[in-house]
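Data block for upload-v5.cif (mmCIF, N, CA and C atoms):
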```cif
data_start
loop_
_atom_site.group_PDB
_atom_site.id
_atom_site.type_symbol
_atom_site.label_atom_id
_atom_site.label_comp_id
_atom_site.auth_asym_id
_atom_site.auth_seq_id
_atom_site.Cartn_x
_atom_site.Cartn_y
_atom_site.Cartn_z
ATOM 1 N N MET B 67 176.322 39.764 93.504
ATOM 2 C CA MET B 67 176.674 39.902 94.907
ATOM 3 C C MET B 67 175.762 40.896 95.602
ATOM 4 N N ILE B 68 175.480 42.009 94.950
ATOM 5 C CA ILE B 68 174.636 43.027 95.554
ATOM 6 C C ILE B 68 173.190 42.850 95.121
ATOM 7 N N SER B 69 172.852 41.728 94.501
ATOM 8 C CA SER B 69 171.468 41.540 94.087
ATOM 9 C C SER B 69 170.536 41.644 95.284
ATOM 10 N N SER B 70 171.019 41.280 96.458
ATOM 11 C CA SER B 70 170.208 41.413 97.664
ATOM 12 C C SER B 70 170.002 42.868 98.045
ATOM 13 N N LEU B 71 170.857 43.752 97.504
ATOM 14 C CA LEU B 71 170.723 45.175 97.781
ATOM 15 C C LEU B 71 169.375 45.681 97.300
ATOM 16 N N SER B 72 168.823 45.037 96.277
ATOM 17 C CA SER B 72 167.551 45.490 95.734
ATOM 18 C C SER B 72 166.391 45.206 96.677
ATOM 19 N N SER B 73 166.613 44.446 97.737
ATOM 20 C CA SER B 73 165.503 44.051 98.591
ATOM 21 C C SER B 73 165.157 45.041 99.695
ATOM 22 N N SER B 74 166.131 45.770 100.227
ATOM 23 C CA SER B 74 165.788 46.673 101.325
ATOM 24 C C SER B 74 166.873 47.696 101.584
ATOM 25 N N SER B 75 166.484 48.709 102.372
ATOM 26 C CA SER B 75 167.457 49.743 102.726
ATOM 27 C C SER B 75 168.526 49.189 103.653
ATOM 28 N N SER B 76 168.179 48.173 104.453
ATOM 29 C CA SER B 76 169.186 47.600 105.342
ATOM 30 C C SER B 76 170.277 46.895 104.534
ATOM 31 N N SER B 77 169.918 46.337 103.387
ATOM 32 C CA SER B 77 170.925 45.722 102.509
ATOM 33 C C SER B 77 171.859 46.787 101.947
ATOM 34 N N ALA B 78 171.300 47.943 101.626
ATOM 35 C CA ALA B 78 172.119 49.052 101.143
ATOM 36 C C ALA B 78 173.093 49.483 102.227
ATOM 37 N N THR B 79 172.614 49.577 103.448
ATOM 38 C CA THR B 79 173.457 49.966 104.583
ATOM 39 C C THR B 79 174.583 48.962 104.787
ATOM 40 N N VAL B 80 174.263 47.673 104.721
ATOM 41 C CA VAL B 80 175.272 46.629 104.904
ATOM 42 C C VAL B 80 176.331 46.722 103.813
ATOM 43 N N ALA B 81 175.914 46.931 102.564
ATOM 44 C CA ALA B 81 176.863 47.037 101.455
ATOM 45 C C ALA B 81 177.786 48.241 101.636
ATOM 46 N N VAL B 82 177.224 49.379 102.039
ATOM 47 C CA VAL B 82 178.036 50.587 102.252
ATOM 48 C C VAL B 82 178.985 50.384 103.431
ATOM 49 N N GLU B 83 178.516 49.769 104.495
ATOM 50 C CA GLU B 83 179.386 49.514 105.651
ATOM 51 C C GLU B 83 180.541 48.591 105.272
ATOM 52 N N LYS B 84 180.255 47.605 104.432
ATOM 53 C CA LYS B 84 181.298 46.688 103.980
ATOM 54 C C LYS B 84 182.325 47.424 103.111
ATOM 55 N N ALA B 85 181.843 48.306 102.237
ATOM 56 C CA ALA B 85 182.727 49.047 101.335
ATOM 57 C C ALA B 85 183.538 50.114 102.060
ATOM 58 N N THR B 86 183.109 50.482 103.270
ATOM 59 C CA THR B 86 183.798 51.531 104.034
ATOM 60 C C THR B 86 184.309 51.022 105.379
ATOM 61 N N SER B 87 184.505 49.739 105.478
ATOM 62 C CA SER B 87 184.943 49.127 106.738
ATOM 63 C C SER B 87 186.321 49.635 107.154
ATOM 64 N N GLU B 88 186.468 49.899 108.440
ATOM 65 C CA GLU B 88 187.768 50.344 108.943
ATOM 66 C C GLU B 88 188.816 49.240 108.869
ATOM 67 N N LEU B 89 188.401 48.019 108.574
ATOM 68 C CA LEU B 89 189.336 46.901 108.439
ATOM 69 C C LEU B 89 189.989 46.846 107.059
ATOM 70 N N LEU B 90 189.451 47.607 106.109
ATOM 71 C CA LEU B 90 190.021 47.617 104.768
ATOM 72 C C LEU B 90 191.357 48.370 104.756
ATOM 73 N N ILE B 91 192.282 47.867 103.977
ATOM 74 C CA ILE B 91 193.579 48.519 103.819
ATOM 75 C C ILE B 91 193.483 49.620 102.766
ATOM 76 N N SER B 92 192.683 49.377 101.749
ATOM 77 C CA SER B 92 192.462 50.338 100.669
ATOM 78 C C SER B 92 191.024 50.169 100.175
ATOM 79 N N PRO B 93 190.572 51.067 99.316
ATOM 80 C CA PRO B 93 189.197 50.940 98.836
ATOM 81 C C PRO B 93 188.946 49.588 98.162
ATOM 82 N N ASP B 94 187.775 49.053 98.391
ATOM 83 C CA ASP B 94 187.346 47.809 97.737
ATOM 84 C C ASP B 94 186.635 48.217 96.453
ATOM 85 N N TRP B 95 187.411 48.320 95.367
ATOM 86 C CA TRP B 95 186.869 48.835 94.108
ATOM 87 C C TRP B 95 185.785 47.938 93.546
ATOM 88 N N THR B 96 185.914 46.635 93.758
ATOM 89 C CA THR B 96 184.880 45.720 93.281
ATOM 90 C C THR B 96 183.563 46.017 93.975
ATOM 91 N N MET B 97 183.609 46.189 95.269
ATOM 92 C CA MET B 97 182.397 46.498 96.030
ATOM 93 C C MET B 97 181.833 47.854 95.618
ATOM 94 N N ASN B 98 182.701 48.851 95.474
ATOM 95 C CA ASN B 98 182.246 50.182 95.076
ATOM 96 C C ASN B 98 181.528 50.139 93.726
ATOM 97 N N ILE B 99 182.112 49.433 92.767
ATOM 98 C CA ILE B 99 181.495 49.337 91.439
ATOM 99 C C ILE B 99 180.222 48.493 91.496
ATOM 100 N N ASP B 100 180.202 47.448 92.323
ATOM 101 C CA ASP B 100 178.977 46.651 92.495
ATOM 102 C C ASP B 100 177.838 47.518 93.026
ATOM 103 N N ILE B 101 178.162 48.390 93.966
ATOM 104 C CA ILE B 101 177.148 49.300 94.514
ATOM 105 C C ILE B 101 176.643 50.225 93.408
ATOM 106 N N CYS B 102 177.548 50.754 92.606
ATOM 107 C CA CYS B 102 177.154 51.621 91.487
ATOM 108 C C CYS B 102 176.287 50.863 90.482
ATOM 109 N N ASP B 103 176.691 49.657 90.148
ATOM 110 C CA ASP B 103 175.909 48.851 89.205
ATOM 111 C C ASP B 103 174.510 48.586 89.738
ATOM 112 N N SER B 104 174.434 48.309 91.014
ATOM 113 C CA SER B 104 173.138 48.049 91.635
ATOM 114 C C SER B 104 172.249 49.296 91.589
ATOM 115 N N ILE B 105 172.835 50.459 91.876
ATOM 116 C CA ILE B 105 172.083 51.719 91.816
ATOM 117 C C ILE B 105 171.627 51.983 90.382
ATOM 118 N N ASN B 106 172.506 51.737 89.422
ATOM 119 C CA ASN B 106 172.144 51.972 88.024
ATOM 120 C C ASN B 106 171.039 51.037 87.551
ATOM 121 N N SER B 107 170.983 49.838 88.120
ATOM 122 C CA SER B 107 169.921 48.890 87.774
ATOM 123 C C SER B 107 168.618 49.206 88.496
ATOM 124 N N HIS B 108 168.723 49.757 89.683
ATOM 125 C CA HIS B 108 167.552 50.059 90.526
ATOM 126 C C HIS B 108 167.730 51.475 91.078
ATOM 127 N N GLN B 109 167.342 52.466 90.302
ATOM 128 C CA GLN B 109 167.597 53.863 90.657
ATOM 129 C C GLN B 109 167.000 54.262 92.003
ATOM 130 N N TRP B 110 165.922 53.608 92.411
ATOM 131 C CA TRP B 110 165.299 53.954 93.686
ATOM 132 C C TRP B 110 166.230 53.676 94.870
ATOM 133 N N GLN B 111 167.272 52.874 94.665
ATOM 134 C CA GLN B 111 168.218 52.571 95.746
ATOM 135 C C GLN B 111 169.131 53.745 96.082
ATOM 136 N N ALA B 112 169.234 54.685 95.173
ATOM 137 C CA ALA B 112 170.147 55.818 95.384
ATOM 138 C C ALA B 112 169.883 56.494 96.723
ATOM 139 N N LYS B 113 168.631 56.654 97.069
ATOM 140 C CA LYS B 113 168.262 57.314 98.324
ATOM 141 C C LYS B 113 168.863 56.589 99.527
ATOM 142 N N ASP B 114 168.682 55.279 99.584
ATOM 143 C CA ASP B 114 169.171 54.495 100.729
ATOM 144 C C ASP B 114 170.694 54.436 100.768
ATOM 145 N N VAL B 115 171.326 54.303 99.601
ATOM 146 C CA VAL B 115 172.781 54.218 99.559
ATOM 147 C C VAL B 115 173.401 55.556 99.970
ATOM 148 N N VAL B 116 172.876 56.656 99.450
ATOM 149 C CA VAL B 116 173.414 57.977 99.807
ATOM 150 C C VAL B 116 173.214 58.238 101.296
ATOM 151 N N LYS B 117 172.080 57.837 101.828
ATOM 152 C CA LYS B 117 171.820 57.989 103.269
ATOM 153 C C LYS B 117 172.862 57.215 104.081
ATOM 154 N N ALA B 118 173.185 55.995 103.634
ATOM 155 C CA ALA B 118 174.179 55.174 104.340
ATOM 156 C C ALA B 118 175.578 55.775 104.217
ATOM 157 N N VAL B 119 175.913 56.319 103.042
ATOM 158 C CA VAL B 119 177.224 56.953 102.860
ATOM 159 C C VAL B 119 177.329 58.181 103.755
ATOM 160 N N LYS B 120 176.269 58.960 103.832
ATOM 161 C CA LYS B 120 176.285 60.153 104.691
ATOM 162 C C LYS B 120 176.542 59.764 106.147
ATOM 163 N N LYS B 121 175.931 58.680 106.569
ATOM 164 C CA LYS B 121 176.145 58.198 107.942
ATOM 165 C C LYS B 121 177.610 57.810 108.159
ATOM 166 N N ARG B 122 178.221 57.189 107.143
ATOM 167 C CA ARG B 122 179.624 56.789 107.264
ATOM 168 C C ARG B 122 180.555 58.009 107.259
ATOM 169 N N LEU B 123 180.145 59.076 106.600
ATOM 170 C CA LEU B 123 180.924 60.317 106.635
ATOM 171 C C LEU B 123 180.955 60.910 108.045
ATOM 172 N N GLN B 124 179.960 60.580 108.847
ATOM 173 C CA GLN B 124 179.873 61.083 110.213
ATOM 174 C C GLN B 124 180.647 60.212 111.200
ATOM 175 N N HIS B 125 181.229 59.127 110.722
ATOM 176 C CA HIS B 125 181.977 58.193 111.579
ATOM 177 C C HIS B 125 183.187 58.898 112.190
ATOM 178 N N LYS B 126 183.552 58.508 113.397
ATOM 179 C CA LYS B 126 184.682 59.152 114.085
ATOM 180 C C LYS B 126 186.035 58.738 113.507
ATOM 181 N N ASN B 127 186.091 57.595 112.831
ATOM 182 C CA ASN B 127 187.337 57.096 112.272
ATOM 183 C C ASN B 127 187.598 57.749 110.915
ATOM 184 N N GLY B 128 188.734 58.421 110.795
ATOM 185 C CA GLY B 128 189.096 59.113 109.566
ATOM 186 C C GLY B 128 189.227 58.186 108.371
ATOM 187 N N LYS B 129 189.657 56.955 108.600
ATOM 188 C CA LYS B 129 189.796 55.984 107.510
ATOM 189 C C LYS B 129 188.428 55.648 106.924
ATOM 190 N N VAL B 130 187.440 55.481 107.780
ATOM 191 C CA VAL B 130 186.073 55.208 107.332
ATOM 192 C C VAL B 130 185.557 56.396 106.531
ATOM 193 N N GLN B 131 185.837 57.604 107.012
ATOM 194 C CA GLN B 131 185.411 58.807 106.294
ATOM 195 C C GLN B 131 186.044 58.870 104.908
ATOM 196 N N LEU B 132 187.335 58.562 104.809
ATOM 197 C CA LEU B 132 188.031 58.585 103.522
ATOM 198 C C LEU B 132 187.448 57.545 102.568
ATOM 199 N N LEU B 133 187.190 56.350 103.071
ATOM 200 C CA LEU B 133 186.588 55.305 102.239
ATOM 201 C C LEU B 133 185.179 55.704 101.795
ATOM 202 N N ALA B 134 184.446 56.389 102.668
ATOM 203 C CA ALA B 134 183.105 56.868 102.312
ATOM 204 C C ALA B 134 183.201 57.935 101.220
ATOM 205 N N LEU B 135 184.181 58.825 101.332
ATOM 206 C CA LEU B 135 184.389 59.837 100.291
ATOM 207 C C LEU B 135 184.772 59.188 98.959
ATOM 208 N N THR B 136 185.578 58.151 99.015
ATOM 209 C CA THR B 136 185.973 57.433 97.805
ATOM 210 C C THR B 136 184.763 56.766 97.157
ATOM 211 N N LEU B 137 183.925 56.137 97.982
ATOM 212 C CA LEU B 137 182.703 55.521 97.464
ATOM 213 C C LEU B 137 181.793 56.587 96.870
ATOM 214 N N LEU B 138 181.651 57.705 97.551
ATOM 215 C CA LEU B 138 180.814 58.794 97.065
ATOM 216 C C LEU B 138 181.319 59.301 95.702
ATOM 217 N N GLU B 139 182.637 59.485 95.590
ATOM 218 C CA GLU B 139 183.216 59.923 94.325
ATOM 219 C C GLU B 139 182.935 58.904 93.218
ATOM 220 N N THR B 140 183.078 57.635 93.538
ATOM 221 C CA THR B 140 182.818 56.569 92.565
ATOM 222 C C THR B 140 181.362 56.615 92.106
ATOM 223 N N MET B 141 180.457 56.858 93.040
ATOM 224 C CA MET B 141 179.037 56.947 92.704
ATOM 225 C C MET B 141 178.758 58.157 91.817
ATOM 226 N N VAL B 142 179.368 59.293 92.133
ATOM 227 C CA VAL B 142 179.156 60.507 91.340
ATOM 228 C C VAL B 142 179.639 60.292 89.904
ATOM 229 N N LYS B 143 180.759 59.611 89.756
ATOM 230 C CA LYS B 143 181.342 59.417 88.429
ATOM 231 C C LYS B 143 180.670 58.299 87.634
ATOM 232 N N ASN B 144 180.035 57.344 88.319
ATOM 233 C CA ASN B 144 179.518 56.163 87.632
ATOM 234 C C ASN B 144 178.007 56.016 87.646
ATOM 235 N N CYS B 145 177.328 56.871 88.369
ATOM 236 C CA CYS B 145 175.868 56.813 88.411
ATOM 237 C C CYS B 145 175.312 58.116 87.833
ATOM 238 N N GLY B 146 174.045 58.119 87.548
ATOM 239 C CA GLY B 146 173.436 59.265 86.879
ATOM 240 C C GLY B 146 172.953 60.364 87.804
ATOM 241 N N ASP B 147 172.143 61.221 87.225
ATOM 242 C CA ASP B 147 171.619 62.384 87.940
ATOM 243 C C ASP B 147 170.814 62.025 89.179
ATOM 244 N N PHE B 148 170.211 60.847 89.188
ATOM 245 C CA PHE B 148 169.427 60.431 90.350
ATOM 246 C C PHE B 148 170.300 60.366 91.602
ATOM 247 N N VAL B 149 171.578 60.001 91.460
ATOM 248 C CA VAL B 149 172.501 60.004 92.603
ATOM 249 C C VAL B 149 172.887 61.433 92.952
ATOM 250 N N HIS B 150 173.164 62.235 91.953
ATOM 251 C CA HIS B 150 173.527 63.642 92.196
ATOM 252 C C HIS B 150 172.395 64.346 92.935
ATOM 253 N N PHE B 151 171.164 64.075 92.544
ATOM 254 C CA PHE B 151 170.014 64.677 93.210
ATOM 255 C C PHE B 151 169.952 64.262 94.681
ATOM 256 N N GLN B 152 170.150 62.988 94.964
ATOM 257 C CA GLN B 152 170.096 62.501 96.347
ATOM 258 C C GLN B 152 171.219 63.099 97.193
ATOM 259 N N ILE B 153 172.392 63.241 96.595
ATOM 260 C CA ILE B 153 173.524 63.837 97.315
ATOM 261 C C ILE B 153 173.195 65.279 97.688
ATOM 262 N N ALA B 154 172.608 66.004 96.754
ATOM 263 C CA ALA B 154 172.227 67.397 97.021
ATOM 264 C C ALA B 154 171.088 67.468 98.041
ATOM 265 N N GLU B 155 170.089 66.615 97.861
ATOM 266 C CA GLU B 155 168.919 66.649 98.744
ATOM 267 C C GLU B 155 169.258 66.264 100.178
ATOM 268 N N ARG B 156 170.192 65.375 100.350
ATOM 269 C CA ARG B 156 170.562 64.901 101.693
ATOM 270 C C ARG B 156 171.665 65.743 102.322
ATOM 271 N N ASN B 157 172.047 66.831 101.683
ATOM 272 C CA ASN B 157 173.050 67.754 102.212
ATOM 273 C C ASN B 157 174.358 67.046 102.580
ATOM 274 N N VAL B 158 174.822 66.194 101.682
ATOM 275 C CA VAL B 158 176.081 65.485 101.910
ATOM 276 C C VAL B 158 177.244 66.475 101.937
ATOM 277 N N LEU B 159 177.161 67.514 101.121
ATOM 278 C CA LEU B 159 178.213 68.530 101.113
ATOM 279 C C LEU B 159 178.381 69.143 102.507
ATOM 280 N N GLY B 160 177.273 69.354 103.212
ATOM 281 C CA GLY B 160 177.329 69.881 104.577
ATOM 282 C C GLY B 160 178.128 68.977 105.497
ATOM 283 N N GLU B 161 177.980 67.672 105.332
ATOM 284 C CA GLU B 161 178.747 66.716 106.145
ATOM 285 C C GLU B 161 180.233 66.795 105.811
ATOM 286 N N MET B 162 180.540 66.985 104.538
ATOM 287 C CA MET B 162 181.938 67.094 104.127
ATOM 288 C C MET B 162 182.560 68.359 104.712
ATOM 289 N N VAL B 163 181.805 69.438 104.756
ATOM 290 C CA VAL B 163 182.294 70.687 105.354
ATOM 291 C C VAL B 163 182.558 70.483 106.846
ATOM 292 N N LYS B 164 181.690 69.748 107.527
ATOM 293 C CA LYS B 164 181.895 69.474 108.962
ATOM 294 C C LYS B 164 183.205 68.726 109.197
ATOM 295 N N ILE B 165 183.522 67.787 108.305
ATOM 296 C CA ILE B 165 184.769 67.026 108.441
ATOM 297 C C ILE B 165 185.962 67.965 108.340
ATOM 298 N N VAL B 166 185.921 68.859 107.363
ATOM 299 C CA VAL B 166 187.035 69.788 107.142
ATOM 300 C C VAL B 166 187.175 70.764 108.304
ATOM 301 N N ARG B 167 186.055 71.217 108.850
ATOM 302 C CA ARG B 167 186.088 72.194 109.925
ATOM 303 C C ARG B 167 186.413 71.609 111.300
ATOM 304 N N LYS B 168 186.312 70.299 111.416
ATOM 305 C CA LYS B 168 186.537 69.648 112.698
ATOM 306 C C LYS B 168 187.939 69.938 113.207
ATOM 307 N N LYS B 169 188.035 70.335 114.446
ATOM 308 C CA LYS B 169 189.351 70.611 115.030
ATOM 309 C C LYS B 169 190.026 69.293 115.397
ATOM 310 N N VAL B 170 191.277 69.209 115.048
ATOM 311 C CA VAL B 170 192.061 68.037 115.388
ATOM 312 C C VAL B 170 192.646 68.228 116.769
ATOM 313 N N THR B 171 192.380 67.286 117.657
ATOM 314 C CA THR B 171 192.927 67.383 119.007
ATOM 315 C C THR B 171 194.232 66.606 119.067
ATOM 316 N N PRO B 172 195.296 67.250 119.528
ATOM 317 C CA PRO B 172 196.608 66.589 119.585
ATOM 318 C C PRO B 172 196.678 65.498 120.613
#
```
Take the structure from the file and write it as structure tokens.
Amino acid sequence: MISSLSSSSSSATVAVEKATSELLISPDWTMNIDICDSINSHQWQAKDVVKAVKKRLQHKNGKVQLLALTLLETMVKNCGDFVHFQIAERNVLGEMVKIVRKKVTP
């Protein structure tokens, strides 16, 4: 299913957007694991996938942010150091801190 992910960064973005869609009721574990499998088969994709996840963490919808965090956790647990390096290099932790610090308007 994600074999097309190996072709371009836009495919990575589409896969991440699908896995973090605000229309989902709960995490799409099949999609999350497919993304991990694709990264493990093509390590160079980690950069594009992490970039797309970081963008989804910046989404205004809290559900999208939660799904992005779930995907990120799945990637950390199921992919190797190449993903950990990209997460650190792209300052994903900084985005997570911004989410926590964001003031909730009543």
When the PyMOL selection byres (((chain B and resi 159 and name CA) around 12) and name CA) is applied to the structure above, which residues does it catch, written out as a ChimeraX atom specification?
/B:116,119-120,123-124,135,138,150,152-158,160-166
Near Thr136 in chain B, counting all atoms listed in the file, which residues have an atom at most 8 Å away, once you skip same-chain residues fewer than 5 positions from it, shown as a short mmCIF file (atom, residue, chain, number, x, y, z; two decimals) with N, CA and C atoms, in the frame of the given file?
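The result, stored in selection.cif:
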```
data_model
loop_
_atom_site.label_atom_id
_atom_site.label_comp_id
_atom_site.auth_asym_id
_atom_site.auth_seq_id
_atom_site.Cartn_x
_atom_site.Cartn_y
_atom_site.Cartn_z
N PRO B 93 190.57 51.07 99.32
CA PRO B 93 189.20 50.94 98.84
C PRO B 93 188.95 49.59 98.16
N ASN B 98 182.70 48.85 95.47
CA ASN B 98 182.25 50.18 95.08
C ASN B 98 181.53 50.14 93.73
N VAL B 130 187.44 55.48 107.78
CA VAL B 130 186.07 55.21 107.33
C VAL B 130 185.56 56.40 106.53
N GLN B 131 185.84 57.60 107.01
CA GLN B 131 185.41 58.81 106.29
C GLN B 131 186.04 58.87 104.91
N MET B 141 180.46 56.86 93.04
CA MET B 141 179.04 56.95 92.70
C MET B 141 178.76 58.16 91.82
N VAL B 142 179.37 59.29 92.13
CA VAL B 142 179.16 60.51 91.34
C VAL B 142 179.64 60.29 89.90
#
```
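Of the listed residues B:Leu137, B:Asp147, B:Lys129, B:Leu89, the one whose atoms come nearest to Cys102 in chain B is B:Leu137, with distances taken using only C-alpha atoms.
With only N, CA and C atoms as the atoms that count, the residue of B:Ser107, B:Gly128, B:Val115, B:Ile91 with the shortest distance to Ala78 in chain B is B:Val115.
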Students should find that CA of Asp100 in chain B and CA of Lys126 in chain B are spaced 25.6 Å
Students should find that CA of Ser92 in chain B and CA of Lys113 in chain B are spaced 25.3 Å
Shortest contact to Lys117 in chain B, candidates B:Trp95, B:Thr79, B:Glu88, B:Arg167, atoms counted only N, CA and C atoms, goes to B:Thr79
Item to complete: Figure out the distance between atom C of Ser104 in chain B and atom C of Phe148 in chain B, please, to one decimal in Å.
Response: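 Separation of atom C of Phe148 in chain B and atom C of Ser104 in chain B: 11.2 Å.
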- Name the residues of chain B that come out as alpha helix (DSSP H) in a backbone DSSP run; write them as an MDAnalysis selection string. chainID B and resid 75:85 95:107 112:123 128:144 147:155 158:167
Across B:Ser87, B:Asn106, B:Asn144, B:Gln111, the smallest distance to His125 in chain B, with only C-alpha atoms counted, is shown by B:Ser87
Closest of B:Lys121, B:Ala112, B:Asn127, B:Leu133 to Phe151 in chain B, counting only C-alpha atoms, is B:Ala112
Around range 113-125 of chain B, with edges along x, y and z and 6 Å added on all six sides, what centre and edge lengths do you get, in Å to one decimal, as AutoDock Vina command-line options?
```
--center_x 175.7 --center_y 57.7 --center_z 104.6 --size_x 26.9 --size_y 18.9 --size_z 27.1
```
